[in-house]
$ cat coords_16.pdb   # PDB, C-alpha atoms, pLDDT in the B column
ATOM      1  CA  MET A   1      -9.169  -3.982  16.785  1.00 80.00           C
ATOM      2  CA  THR A   2     -10.779  -0.886  15.252  1.00 93.00           C
ATOM      3  CA  VAL A   3     -11.261  -0.960  11.485  1.00 97.00           C
ATOM      4  CA  THR A   4     -11.478   2.474   9.857  1.00 98.00           C
ATOM      5  CA  ALA A   5     -13.846   2.853   6.901  1.00 98.00           C
ATOM      6  CA  TRP A   6     -14.140   5.189   3.957  1.00 98.00           C
ATOM      7  CA  ASP A   7     -17.114   4.577   1.672  1.00 98.00           C
ATOM      8  CA  GLU A   8     -18.158   5.687  -1.795  1.00 97.00           C
ATOM      9  CA  PRO A   9     -20.164   8.911  -2.203  1.00 95.00           C
ATOM     10  CA  VAL A  10     -23.858   8.701  -1.358  1.00 95.00           C
ATOM     11  CA  GLY A  11     -25.715   7.248  -4.307  1.00 93.00           C
ATOM     12  CA  GLY A  12     -22.570   5.837  -5.887  1.00 92.00           C
ATOM     13  CA  THR A  13     -22.085   2.213  -6.882  1.00 96.00           C
ATOM     14  CA  PRO A  14     -19.074   0.638  -5.136  1.00 97.00           C
ATOM     15  CA  ARG A  15     -16.521  -0.833  -7.521  1.00 98.00           C
ATOM     16  CA  GLY A  16     -14.656  -3.041  -5.048  1.00 98.00           C
ATOM     17  CA  THR A  17     -12.919  -3.080  -1.686  1.00 98.00           C
ATOM     18  CA  LEU A  18      -9.416  -2.124  -0.581  1.00 98.00           C
ATOM     19  CA  VAL A  19      -8.070  -3.562   2.663  1.00 98.00           C
ATOM     20  CA  VAL A  20      -5.257  -1.245   3.763  1.00 98.00           C
ATOM     21  CA  LEU A  21      -2.493  -2.533   6.051  1.00 98.00           C
ATOM     22  CA  PRO A  22      -0.464   0.379   7.494  1.00 98.00           C
ATOM     23  CA  GLY A  23       3.189   0.377   8.457  1.00 98.00           C
ATOM     24  CA  ARG A  24       5.218   0.995  11.585  1.00 97.00           C
ATOM     25  CA  GLY A  25       4.008   3.933  13.650  1.00 96.00           C
ATOM     26  CA  GLU A  26       1.121   4.774  11.355  1.00 98.00           C
ATOM     27  CA  THR A  27      -2.475   5.371  12.397  1.00 97.00           C
ATOM     28  CA  ALA A  28      -5.726   5.808  10.498  1.00 97.00           C
ATOM     29  CA  ALA A  29      -4.991   9.544  10.352  1.00 97.00           C
ATOM     30  CA  SER A  30      -2.034   8.762   8.098  1.00 97.00           C
ATOM     31  CA  TYR A  31      -4.458   7.400   5.481  1.00 98.00           C
ATOM     32  CA  GLU A  32      -7.300   9.901   5.683  1.00 98.00           C
ATOM     33  CA  ARG A  33      -6.255  11.507   2.394  1.00 98.00           C
ATOM     34  CA  PHE A  34      -5.693   8.161   0.655  1.00 98.00           C
ATOM     35  CA  GLY A  35      -8.960   6.718   1.958  1.00 98.00           C
ATOM     36  CA  ARG A  36     -10.998   9.727   0.876  1.00 98.00           C
ATOM     37  CA  ARG A  37      -9.360   9.827  -2.544  1.00 98.00           C
ATOM     38  CA  LEU A  38      -9.926   6.155  -3.377  1.00 98.00           C
ATOM     39  CA  SER A  39     -13.423   6.111  -1.921  1.00 98.00           C
ATOM     40  CA  ALA A  40     -14.277   9.160  -4.049  1.00 97.00           C
ATOM     41  CA  ASP A  41     -13.597   6.858  -7.018  1.00 97.00           C
ATOM     42  CA  ALA A  42     -16.178   4.468  -5.480  1.00 97.00           C
ATOM     43  CA  TRP A  43     -13.721   1.963  -3.983  1.00 98.00           C
ATOM     44  CA  ARG A  44     -14.619   1.059  -0.417  1.00 98.00           C
ATOM     45  CA  VAL A  45     -11.585   1.348   1.825  1.00 98.00           C
ATOM     46  CA  ARG A  46     -11.052  -0.499   5.100  1.00 98.00           C
ATOM     47  CA  LEU A  47      -7.926   0.085   7.177  1.00 98.00           C
ATOM     48  CA  VAL A  48      -6.956  -2.820   9.450  1.00 98.00           C
ATOM     49  CA  PRO A  49      -4.322  -2.033  12.130  1.00 97.00           C
ATOM     50  CA  VAL A  50      -1.211  -4.216  11.953  1.00 97.00           C
ATOM     51  CA  GLY A  51       0.022  -5.507  15.316  1.00 95.00           C
ATOM     52  CA  LEU A  52       3.564  -6.711  14.802  1.00 94.00           C
ATOM     53  CA  ASP A  53       3.528  -8.338  18.242  1.00 93.00           C
ATOM     54  CA  ASP A  54       0.525 -10.488  17.317  1.00 95.00           C
ATOM     55  CA  LEU A  55       0.464 -11.235  13.602  1.00 96.00           C
ATOM     56  CA  ASP A  56      -2.046 -14.033  14.139  1.00 96.00           C
ATOM     57  CA  ALA A  57      -4.575 -11.575  15.545  1.00 96.00           C
ATOM     58  CA  THR A  58      -3.839  -9.200  12.682  1.00 97.00           C
ATOM     59  CA  ARG A  59      -4.507 -11.963  10.179  1.00 97.00           C
ATOM     60  CA  GLU A  60      -7.789 -12.769  11.918  1.00 97.00           C
ATOM     61  CA  GLY A  61      -8.781  -9.117  11.619  1.00 97.00           C
ATOM     62  CA  ILE A  62      -7.964  -9.101   7.904  1.00 98.00           C
ATOM     63  CA  GLU A  63      -9.890 -12.324   7.329  1.00 98.00           C
ATOM     64  CA  LYS A  64     -12.913 -10.926   9.152  1.00 97.00           C
ATOM     65  CA  VAL A  65     -13.015  -7.901   6.866  1.00 98.00           C
ATOM     66  CA  LEU A  66     -12.566 -10.060   3.769  1.00 98.00           C
ATOM     67  CA  ALA A  67     -15.421 -12.315   4.907  1.00 98.00           C
ATOM     68  CA  ASP A  68     -17.836  -9.386   5.165  1.00 97.00           C
ATOM     69  CA  GLU A  69     -20.337 -10.084   2.386  1.00 95.00           C
ATOM     70  CA  ALA A  70     -21.455  -6.458   2.427  1.00 96.00           C
ATOM     71  CA  LEU A  71     -18.091  -5.477   0.953  1.00 98.00           C
ATOM     72  CA  PRO A  72     -18.012  -5.857  -2.828  1.00 97.00           C
ATOM     73  CA  ALA A  73     -15.431  -7.654  -4.947  1.00 97.00           C
ATOM     74  CA  PRO A  74     -12.836  -7.386  -6.240  1.00 98.00           C
ATOM     75  CA  LYS A  75     -11.121  -7.307  -2.875  1.00 98.00           C
ATOM     76  CA  VAL A  76      -7.538  -6.071  -2.875  1.00 98.00           C
ATOM     77  CA  LEU A  77      -4.882  -5.907  -0.163  1.00 98.00           C
ATOM     78  CA  VAL A  78      -2.957  -2.630  -0.072  1.00 98.00           C
ATOM     79  CA  GLY A  79       0.049  -2.664   2.255  1.00 98.00           C
ATOM     80  CA  THR A  80       2.788  -0.212   3.082  1.00 98.00           C
ATOM     81  CA  ASP A  81       6.062  -0.756   4.983  1.00 98.00           C
ATOM     82  CA  THR A  82       5.482  -3.778   7.268  1.00 97.00           C
ATOM     83  CA  GLY A  83       1.888  -3.836   6.060  1.00 98.00           C
ATOM     84  CA  ALA A  84       3.252  -4.333   2.540  1.00 98.00           C
ATOM     85  CA  THR A  85       5.441  -7.208   3.704  1.00 98.00           C
ATOM     86  CA  LEU A  86       2.492  -8.811   5.455  1.00 97.00           C
ATOM     87  CA  ALA A  87       0.275  -8.349   2.391  1.00 98.00           C
ATOM     88  CA  ALA A  88       2.909  -9.970   0.169  1.00 97.00           C
ATOM     89  CA  LEU A  89       3.321 -12.919   2.537  1.00 97.00           C
ATOM     90  CA  LEU A  90      -0.395 -13.511   3.171  1.00 97.00           C
ATOM     91  CA  ALA A  91      -1.708 -12.925  -0.333  1.00 96.00           C
ATOM     92  CA  PRO A  92      -1.250 -16.511  -1.590  1.00 96.00           C
ATOM     93  CA  ALA A  93      -3.436 -17.872   1.220  1.00 96.00           C
ATOM     94  CA  LEU A  94      -6.124 -15.191   1.448  1.00 97.00           C
ATOM     95  CA  PRO A  95      -9.296 -14.845  -0.676  1.00 97.00           C
ATOM     96  CA  VAL A  96      -8.206 -11.622  -2.349  1.00 98.00           C
ATOM     97  CA  ASP A  97      -8.279 -10.732  -6.028  1.00 98.00           C
ATOM     98  CA  GLY A  98      -5.120  -8.639  -6.095  1.00 98.00           C
ATOM     99  CA  VAL A  99      -2.351  -7.058  -4.058  1.00 98.00           C
ATOM    100  CA  VAL A 100      -0.711  -3.624  -3.957  1.00 98.00           C
ATOM    101  CA  VAL A 101       2.728  -3.637  -2.301  1.00 98.00           C
ATOM    102  CA  ALA A 102       3.849  -0.067  -1.571  1.00 98.00           C
ATOM    103  CA  GLY A 103       7.119   0.736   0.186  1.00 97.00           C
ATOM    104  CA  LEU A 104       7.965  -2.868   1.042  1.00 97.00           C
ATOM    105  CA  ALA A 105       9.957  -3.404   4.267  1.00 97.00           C
ATOM    106  CA  LEU A 106      12.660  -6.074   4.077  1.00 95.00           C
ATOM    107  CA  PRO A 107      15.186  -7.330   6.640  1.00 91.00           C
ATOM    108  CA  ARG A 108      18.579  -5.728   6.086  1.00 78.00           C
ATOM    109  CA  SER A 109      21.891  -7.522   6.329  1.00 58.00           C
ATOM    110  CA  GLY A 110      24.364  -6.153   8.841  1.00 53.00           C
ATOM    111  CA  ALA A 111      23.574  -3.687  11.597  1.00 52.00           C
ATOM    112  CA  ALA A 112      20.107  -2.172  11.515  1.00 60.00           C
ATOM    113  CA  ARG A 113      20.044   1.512  10.691  1.00 69.00           C
ATOM    114  CA  SER A 114      18.862   3.911  13.381  1.00 76.00           C
ATOM    115  CA  TRP A 115      17.220   7.149  12.318  1.00 80.00           C
ATOM    116  CA  GLY A 116      18.441   8.931  15.432  1.00 80.00           C
ATOM    117  CA  SER A 117      15.911  11.748  15.500  1.00 92.00           C
ATOM    118  CA  TRP A 118      12.362  12.526  14.481  1.00 94.00           C
ATOM    119  CA  GLU A 119      13.653  14.915  11.818  1.00 95.00           C
ATOM    120  CA  GLU A 120      15.685  12.120  10.211  1.00 95.00           C
ATOM    121  CA  GLU A 121      12.792   9.696  10.406  1.00 96.00           C
ATOM    122  CA  ILE A 122      10.282  12.064   8.850  1.00 96.00           C
ATOM    123  CA  ASP A 123      12.762  12.858   6.060  1.00 97.00           C
ATOM    124  CA  ALA A 124      13.069   9.131   5.360  1.00 97.00           C
ATOM    125  CA  ARG A 125       9.312   8.787   5.276  1.00 97.00           C
ATOM    126  CA  THR A 126       8.074  11.606   3.064  1.00 98.00           C
ATOM    127  CA  ALA A 127       8.823  14.870   1.296  1.00 98.00           C
ATOM    128  CA  CYS A 128       5.144  15.874   1.141  1.00 98.00           C
ATOM    129  CA  PRO A 129       4.669  18.934   3.366  1.00 98.00           C
ATOM    130  CA  VAL A 130       1.012  18.129   4.019  1.00 98.00           C
ATOM    131  CA  HIS A 131       1.732  14.573   5.129  1.00 98.00           C
ATOM    132  CA  ARG A 132       4.683  15.716   7.218  1.00 98.00           C
ATOM    133  CA  ARG A 133       2.318  18.030   9.086  1.00 97.00           C
ATOM    134  CA  VAL A 134      -0.354  15.329   9.442  1.00 98.00           C
ATOM    135  CA  ILE A 135       1.935  12.809  11.104  1.00 97.00           C
ATOM    136  CA  ALA A 136       3.720  15.465  13.180  1.00 96.00           C
ATOM    137  CA  GLU A 137       0.388  16.591  14.622  1.00 97.00           C
ATOM    138  CA  ASP A 138      -0.968  13.068  15.157  1.00 97.00           C
ATOM    139  CA  ASP A 139      -0.671  12.320  18.885  1.00 96.00           C
ATOM    140  CA  GLY A 140      -1.153   8.612  18.178  1.00 96.00           C
ATOM    141  CA  PHE A 141       1.625   8.350  15.616  1.00 97.00           C
ATOM    142  CA  GLY A 142       4.425   6.071  16.789  1.00 95.00           C
ATOM    143  CA  ARG A 143       7.548   8.168  16.437  1.00 95.00           C
ATOM    144  CA  GLY A 144      10.624   6.025  16.103  1.00 94.00           C
ATOM    145  CA  GLY A 145       8.555   3.354  14.355  1.00 94.00           C
ATOM    146  CA  LEU A 146      11.102   2.878  11.610  1.00 94.00           C
ATOM    147  CA  ASP A 147      13.646   1.851  14.255  1.00 92.00           C
ATOM    148  CA  ARG A 148      11.401  -1.014  15.286  1.00 91.00           C
ATOM    149  CA  PRO A 149      12.844  -4.353  14.074  1.00 90.00           C
ATOM    150  CA  LEU A 150      10.856  -6.444  11.657  1.00 93.00           C
ATOM    151  CA  PRO A 151       9.213  -9.611  13.016  1.00 93.00           C
ATOM    152  CA  TRP A 152      10.660 -11.575  10.097  1.00 93.00           C
ATOM    153  CA  GLY A 153      14.308 -12.655  10.070  1.00 90.00           C
ATOM    154  CA  SER A 154      14.033 -13.289   6.352  1.00 91.00           C
ATOM    155  CA  VAL A 155      11.348 -12.770   3.746  1.00 93.00           C
ATOM    156  CA  CYS A 156      10.697 -15.054   0.789  1.00 91.00           C
ATOM    157  CA  ILE A 157       8.033 -13.630  -1.478  1.00 93.00           C
ATOM    158  CA  VAL A 158       6.312 -16.170  -3.718  1.00 92.00           C
ATOM    159  CA  ALA A 159       3.983 -15.497  -6.614  1.00 92.00           C
ATOM    160  CA  PRO A 160       0.470 -15.342  -5.130  1.00 94.00           C
ATOM    161  CA  GLY A 161      -1.321 -16.487  -8.279  1.00 94.00           C
ATOM    162  CA  LYS A 162      -3.179 -13.184  -8.534  1.00 96.00           C
ATOM    163  CA  PRO A 163      -2.328  -9.728  -9.912  1.00 97.00           C
ATOM    164  CA  VAL A 164       0.292  -7.743  -8.011  1.00 98.00           C
ATOM    165  CA  LEU A 165       1.218  -4.064  -8.255  1.00 98.00           C
ATOM    166  CA  VAL A 166       4.565  -3.126  -6.679  1.00 98.00           C
ATOM    167  CA  LEU A 167       5.194   0.575  -5.991  1.00 98.00           C
ATOM    168  CA  HIS A 168       8.497   1.848  -4.608  1.00 98.00           C
ATOM    169  CA  GLY A 169      10.421   5.088  -4.412  1.00 98.00           C
ATOM    170  CA  THR A 170      13.840   5.388  -6.013  1.00 98.00           C
ATOM    171  CA  ALA A 171      15.025   7.497  -3.052  1.00 98.00           C
ATOM    172  CA  ASP A 172      13.676   5.197  -0.330  1.00 97.00           C
ATOM    173  CA  PRO A 173      16.400   5.041   2.356  1.00 95.00           C
ATOM    174  CA  VAL A 174      14.594   2.386   4.407  1.00 95.00           C
ATOM    175  CA  THR A 175      14.366  -0.316   1.731  1.00 95.00           C
ATOM    176  CA  PRO A 176      16.530   0.327  -1.333  1.00 95.00           C
ATOM    177  CA  ALA A 177      14.606  -0.009  -4.578  1.00 97.00           C
ATOM    178  CA  ALA A 178      17.188  -2.514  -5.845  1.00 96.00           C
ATOM    179  CA  ASP A 179      16.300  -4.873  -2.982  1.00 95.00           C
ATOM    180  CA  VAL A 180      12.612  -4.715  -3.875  1.00 96.00           C
ATOM    181  CA  LEU A 181      13.293  -5.355  -7.557  1.00 96.00           C
ATOM    182  CA  ALA A 182      15.432  -8.342  -6.579  1.00 95.00           C
ATOM    183  CA  ALA A 183      12.644  -9.692  -4.365  1.00 94.00           C
ATOM    184  CA  TYR A 184      10.286  -9.687  -7.365  1.00 95.00           C
ATOM    185  CA  ASP A 185      12.783 -10.905  -9.967  1.00 92.00           C
ATOM    186  CA  ALA A 186      11.107 -14.303 -10.059  1.00 88.00           C
ATOM    187  CA  GLN A 187       7.649 -12.775 -10.579  1.00 90.00           C
ATOM    188  CA  PRO A 188       7.596 -11.424 -14.136  1.00 86.00           C
ATOM    189  CA  ALA A 189       3.812 -11.086 -13.976  1.00 90.00           C
ATOM    190  CA  ALA A 190       4.017  -8.511 -11.195  1.00 96.00           C
ATOM    191  CA  VAL A 191       3.467  -4.941 -12.345  1.00 97.00           C
ATOM    192  CA  THR A 192       6.395  -2.957 -10.916  1.00 97.00           C
ATOM    193  CA  ARG A 193       6.487   0.826 -10.911  1.00 98.00           C
ATOM    194  CA  LEU A 194       9.273   3.006  -9.494  1.00 98.00           C
ATOM    195  CA  VAL A 195       8.473   6.535  -8.342  1.00 98.00           C
ATOM    196  CA  ASP A 196      11.297   8.923  -9.205  1.00 98.00           C
ATOM    197  CA  GLY A 197      12.594  10.568  -6.046  1.00 98.00           C
ATOM    198  CA  GLY A 198      10.013   8.750  -3.930  1.00 98.00           C
ATOM    199  CA  ARG A 199      10.710   8.060  -0.264  1.00 98.00           C
ATOM    200  CA  HIS A 200       9.487   5.242   1.987  1.00 97.00           C
ATOM    201  CA  ASP A 201       5.866   6.222   2.696  1.00 98.00           C
ATOM    202  CA  ILE A 202       5.178   6.141  -1.030  1.00 98.00           C
ATOM    203  CA  LEU A 203       1.376   6.304  -0.712  1.00 98.00           C
ATOM    204  CA  ASN A 204       1.791   9.591   1.130  1.00 98.00           C
ATOM    205  CA  ASP A 205       4.835  11.107  -0.513  1.00 98.00           C
ATOM    206  CA  ALA A 206       5.148  14.132  -2.797  1.00 98.00           C
ATOM    207  CA  SER A 207       3.904  12.107  -5.805  1.00 98.00           C
ATOM    208  CA  HIS A 208       0.821  10.812  -3.969  1.00 98.00           C
ATOM    209  CA  ARG A 209      -1.522  11.940  -6.765  1.00 98.00           C
ATOM    210  CA  SER A 210       0.360  10.000  -9.438  1.00 98.00           C
ATOM    211  CA  VAL A 211       0.706   6.993  -7.137  1.00 98.00           C
ATOM    212  CA  ALA A 212      -3.037   6.994  -6.411  1.00 98.00           C
ATOM    213  CA  ALA A 213      -3.781   7.307 -10.135  1.00 98.00           C
ATOM    214  CA  THR A 214      -1.501   4.327 -10.833  1.00 98.00           C
ATOM    215  CA  ILE A 215      -3.384   2.293  -8.231  1.00 98.00           C
ATOM    216  CA  VAL A 216      -6.764   3.255  -9.708  1.00 98.00           C
ATOM    217  CA  LEU A 217      -5.635   2.192 -13.188  1.00 97.00           C
ATOM    218  CA  PHE A 218      -4.490  -1.144 -11.744  1.00 98.00           C
ATOM    219  CA  LEU A 219      -7.806  -1.606  -9.931  1.00 98.00           C
ATOM    220  CA  GLU A 220      -9.917  -0.751 -12.959  1.00 98.00           C
ATOM    221  CA  SER A 221      -7.868  -3.172 -15.096  1.00 97.00           C
ATOM    222  CA  LEU A 222      -8.342  -5.823 -12.433  1.00 98.00           C
ATOM    223  CA  ARG A 223     -12.117  -5.401 -12.700  1.00 97.00           C
ATOM    224  CA  LEU A 224     -11.825  -6.362 -16.362  1.00 96.00           C
ATOM    225  CA  GLY A 225      -9.821  -9.513 -15.704  1.00 96.00           C
ATOM    226  CA  ALA A 226      -6.879 -11.069 -13.882  1.00 95.00           C
ATOM    227  CA  ASP A 227      -4.739 -10.571 -16.990  1.00 95.00           C
ATOM    228  CA  LEU A 228      -5.090  -6.804 -16.430  1.00 96.00           C
ATOM    229  CA  PRO A 229      -6.307  -5.698 -19.853  1.00 95.00           C
ATOM    230  CA  ASP A 230      -5.710  -2.050 -20.665  1.00 93.00           C
ATOM    231  CA  VAL A 231      -8.517   0.351 -19.904  1.00 93.00           C
ATOM    232  CA  VAL A 232      -6.816   3.196 -21.774  1.00 92.00           C
ATOM    233  CA  ARG A 233      -4.494   2.270 -24.644  1.00 89.00           C
ATOM    234  CA  ALA A 234      -2.822   3.768 -27.672  1.00 90.00           C
ATOM    235  CA  PRO A 235      -4.534   3.175 -30.989  1.00 92.00           C
ATOM    236  CA  ASP A 236      -3.260   0.506 -33.342  1.00 84.00           C
ATOM    237  CA  ARG A 237      -1.682   2.639 -36.077  1.00 80.00           C
ATOM    238  CA  SER A 238      -1.218  -0.428 -38.261  1.00 75.00           C
ATOM    239  CA  VAL A 239      -4.953  -0.745 -38.870  1.00 61.00           C
ATOM    240  CA  ALA A 240      -5.832   0.614 -42.278  1.00 54.00           C
ATOM    241  CA  ARG A 241      -8.260   3.498 -42.310  1.00 55.00           C
TER     242      ARG A 241
END

$ encode --input "coords_16.pdb" --output "structure tokens"
Amino acid sequence: MTVTAWDEPVGGTPRGTLVVLPGRGETAASYERFGRRLSADAWRVRLVPVGLDDLDATREGIEKVLADEALPAPKVLVGTDTGATLAALLAPALPVDGVVVAGLALPRSGAARSWGSWEEEIDARTACPVHRRVIAEDDGFGRGGLDRPLPWGSVCIVAPGKPVLVLHGTADPVTPAADVLAAYDAQPAAVTRLVDGGRHDILNDASHRSVAATIVLFLESLRLGADLPDVVRAPDRSVAR
């Protein structure tokens, strides 16, 4: 299992560690932009491949990265698609300080949808022209990945007892936003943000800058405490001057 790393700029002080779990078909190339962007803000990023055929081995790989004492806390899981599902399911049992669930993949009732062609699949994934080119030119990218069935017949997401940020696109055709909101109904402490017009690969969609900024704000709040105090807030206008 090859772990891909993006580190903070030379001379910078790392602020924490992100363990990224990619989705179906994705490779490290899919997260080059994300990894560079977050590491430029001094968060160390480690991408762990997700093997849906051997989730035990995947978990061992995640645990090995988390056990690396050279990687600074807070340590946060960041998952997308099936990686998001795995992050949500493993978070209660892993020594992480927070979780980012982006573009959650959930089992669908009825017949599974088939995307039919690469053009349909890429449209479901992202509207970002740069990312569309990146994955189209990536020889290792698993085309047809979204047609691959999930290894879970059902998914029950429980509160992990640590901060959670849920990001999902309102135009995601793979997992409807309503299904994701329903999955987190019983977790009022979870921070849920919908991306207007966002598609399934929400970390790499047209609003990737705003999504990354939302993640950074979550991470910086997490550094201040598990109750996620505001880093930037409006002034209290009721205070007499």

$ atom_distance --input "coords_16.pdb" --atom1 "atom CA of Leu167 of chain A" --atom2 "atom CA of Leu94 of chain A"
20.8 Å

$ resolve_selection --input "coords_16.pdb" --expression "the PyMOL selection byres ((chain A and resi 3) around 7)" --output "ChimeraX atom specification"
/A:1-2,4-5,46-48

$ resolve_selection --input "coords_16.pdb" --expression "the PyMOL selection byres ((chain A and resi 20) around 10)" --output "mmCIF file with C-alpha atoms, in the frame of the given file"
data_model
loop_
_atom_site.group_PDB
_atom_site.id
_atom_site.type_symbol
_atom_site.label_atom_id
_atom_site.label_comp_id
_atom_site.auth_asym_id
_atom_site.auth_seq_id
_atom_site.Cartn_x
_atom_site.Cartn_y
_atom_site.Cartn_z
ATOM 1 C CA VAL A 3 -11.261 -0.960 11.485
ATOM 2 C CA THR A 4 -11.478 2.474 9.857
ATOM 3 C CA THR A 17 -12.919 -3.080 -1.686
ATOM 4 C CA LEU A 18 -9.416 -2.124 -0.581
ATOM 5 C CA VAL A 19 -8.070 -3.562 2.663
ATOM 6 C CA LEU A 21 -2.493 -2.533 6.051
ATOM 7 C CA PRO A 22 -0.464 0.379 7.494
ATOM 8 C CA GLY A 23 3.189 0.377 8.457
ATOM 9 C CA ALA A 28 -5.726 5.808 10.498
ATOM 10 C CA TYR A 31 -4.458 7.400 5.481
ATOM 11 C CA PHE A 34 -5.693 8.161 0.655
ATOM 12 C CA GLY A 35 -8.960 6.718 1.958
ATOM 13 C CA VAL A 45 -11.585 1.348 1.825
ATOM 14 C CA ARG A 46 -11.052 -0.499 5.100
ATOM 15 C CA LEU A 47 -7.926 0.085 7.177
ATOM 16 C CA VAL A 48 -6.956 -2.820 9.450
ATOM 17 C CA PRO A 49 -4.322 -2.033 12.130
ATOM 18 C CA VAL A 50 -1.211 -4.216 11.953
ATOM 19 C CA ILE A 62 -7.964 -9.101 7.904
ATOM 20 C CA VAL A 76 -7.538 -6.071 -2.875
ATOM 21 C CA LEU A 77 -4.882 -5.907 -0.163
ATOM 22 C CA VAL A 78 -2.957 -2.630 -0.072
ATOM 23 C CA GLY A 79 0.049 -2.664 2.255
ATOM 24 C CA THR A 80 2.788 -0.212 3.082
ATOM 25 C CA GLY A 83 1.888 -3.836 6.060
ATOM 26 C CA ALA A 84 3.252 -4.333 2.540
ATOM 27 C CA ALA A 87 0.275 -8.349 2.391
ATOM 28 C CA VAL A 100 -0.711 -3.624 -3.957
#

$ closest_residue --input "coords_16.pdb" --among "A:Asn204, A:Ser221, A:Thr170, A:Ser114" --to "Val191 of chain A" --atoms "all atoms listed in the file"
A:Ser221

$ resolve_selection --input "coords_16.pdb" --expression "the PyMOL selection byres ((chain A and resi 125-137) around 12)" --output "PDB file with C-alpha atoms, in the frame of the given file"
ATOM      1  CA  GLY A  23       3.189   0.377   8.457  1.00 98.00           C
ATOM      2  CA  ARG A  24       5.218   0.995  11.585  1.00 97.00           C
ATOM      3  CA  GLY A  25       4.008   3.933  13.650  1.00 96.00           C
ATOM      4  CA  GLU A  26       1.121   4.774  11.355  1.00 98.00           C
ATOM      5  CA  THR A  27      -2.475   5.371  12.397  1.00 97.00           C
ATOM      6  CA  ALA A  28      -5.726   5.808  10.498  1.00 97.00           C
ATOM      7  CA  ALA A  29      -4.991   9.544  10.352  1.00 97.00           C
ATOM      8  CA  SER A  30      -2.034   8.762   8.098  1.00 97.00           C
ATOM      9  CA  TYR A  31      -4.458   7.400   5.481  1.00 98.00           C
ATOM     10  CA  GLU A  32      -7.300   9.901   5.683  1.00 98.00           C
ATOM     11  CA  ARG A  33      -6.255  11.507   2.394  1.00 98.00           C
ATOM     12  CA  PHE A  34      -5.693   8.161   0.655  1.00 98.00           C
ATOM     13  CA  THR A  80       2.788  -0.212   3.082  1.00 98.00           C
ATOM     14  CA  ASP A  81       6.062  -0.756   4.983  1.00 98.00           C
ATOM     15  CA  GLY A 103       7.119   0.736   0.186  1.00 97.00           C
ATOM     16  CA  TRP A 115      17.220   7.149  12.318  1.00 80.00           C
ATOM     17  CA  TRP A 118      12.362  12.526  14.481  1.00 94.00           C
ATOM     18  CA  GLU A 119      13.653  14.915  11.818  1.00 95.00           C
ATOM     19  CA  GLU A 120      15.685  12.120  10.211  1.00 95.00           C
ATOM     20  CA  GLU A 121      12.792   9.696  10.406  1.00 96.00           C
ATOM     21  CA  ILE A 122      10.282  12.064   8.850  1.00 96.00           C
ATOM     22  CA  ASP A 123      12.762  12.858   6.060  1.00 97.00           C
ATOM     23  CA  ALA A 124      13.069   9.131   5.360  1.00 97.00           C
ATOM     24  CA  ASP A 138      -0.968  13.068  15.157  1.00 97.00           C
ATOM     25  CA  ASP A 139      -0.671  12.320  18.885  1.00 96.00           C
ATOM     26  CA  GLY A 140      -1.153   8.612  18.178  1.00 96.00           C
ATOM     27  CA  PHE A 141       1.625   8.350  15.616  1.00 97.00           C
ATOM     28  CA  GLY A 142       4.425   6.071  16.789  1.00 95.00           C
ATOM     29  CA  ARG A 143       7.548   8.168  16.437  1.00 95.00           C
ATOM     30  CA  GLY A 144      10.624   6.025  16.103  1.00 94.00           C
ATOM     31  CA  GLY A 145       8.555   3.354  14.355  1.00 94.00           C
ATOM     32  CA  LEU A 146      11.102   2.878  11.610  1.00 94.00           C
ATOM     33  CA  GLY A 169      10.421   5.088  -4.412  1.00 98.00           C
ATOM     34  CA  ALA A 171      15.025   7.497  -3.052  1.00 98.00           C
ATOM     35  CA  ASP A 172      13.676   5.197  -0.330  1.00 97.00           C
ATOM     36  CA  PRO A 173      16.400   5.041   2.356  1.00 95.00           C
ATOM     37  CA  VAL A 174      14.594   2.386   4.407  1.00 95.00           C
ATOM     38  CA  THR A 175      14.366  -0.316   1.731  1.00 95.00           C
ATOM     39  CA  GLY A 197      12.594  10.568  -6.046  1.00 98.00           C
ATOM     40  CA  GLY A 198      10.013   8.750  -3.930  1.00 98.00           C
ATOM     41  CA  ARG A 199      10.710   8.060  -0.264  1.00 98.00           C
ATOM     42  CA  HIS A 200       9.487   5.242   1.987  1.00 97.00           C
ATOM     43  CA  ASP A 201       5.866   6.222   2.696  1.00 98.00           C
ATOM     44  CA  ILE A 202       5.178   6.141  -1.030  1.00 98.00           C
ATOM     45  CA  LEU A 203       1.376   6.304  -0.712  1.00 98.00           C
ATOM     46  CA  ASN A 204       1.791   9.591   1.130  1.00 98.00           C
ATOM     47  CA  ASP A 205       4.835  11.107  -0.513  1.00 98.00           C
ATOM     48  CA  ALA A 206       5.148  14.132  -2.797  1.00 98.00           C
ATOM     49  CA  SER A 207       3.904  12.107  -5.805  1.00 98.00           C
ATOM     50  CA  HIS A 208       0.821  10.812  -3.969  1.00 98.00           C
ATOM     51  CA  ARG A 209      -1.522  11.940  -6.765  1.00 98.00           C
TER      52      ARG A 209
END

$ closest_residue --input "coords_16.pdb" --among "A:Pro149, A:Leu228, A:Leu106, A:Ala213" --to "Ala178 of chain A" --atoms "all atoms listed in the file"
A:Leu106

$ atom_distance --input "coords_16.pdb" --atom1 "atom CA of Val99 of chain A" --atom2 "atom CA of Val164 of chain A"
4.8 Å

$ atom_distance --input "coords_16.pdb" --atom1 "atom CA of Ala73 of chain A" --atom2 "atom CA of Gly16 of chain A"
4.7 Å

$ residues_near_point --input "coords_16.pdb" --point "(10.6, -2.8, -11.0)" --cutoff "10 Å" --atoms "all atoms listed in the file" --output "PyMOL selection string"
chain A and resi 165-168+177-178+180-185+188+190-195
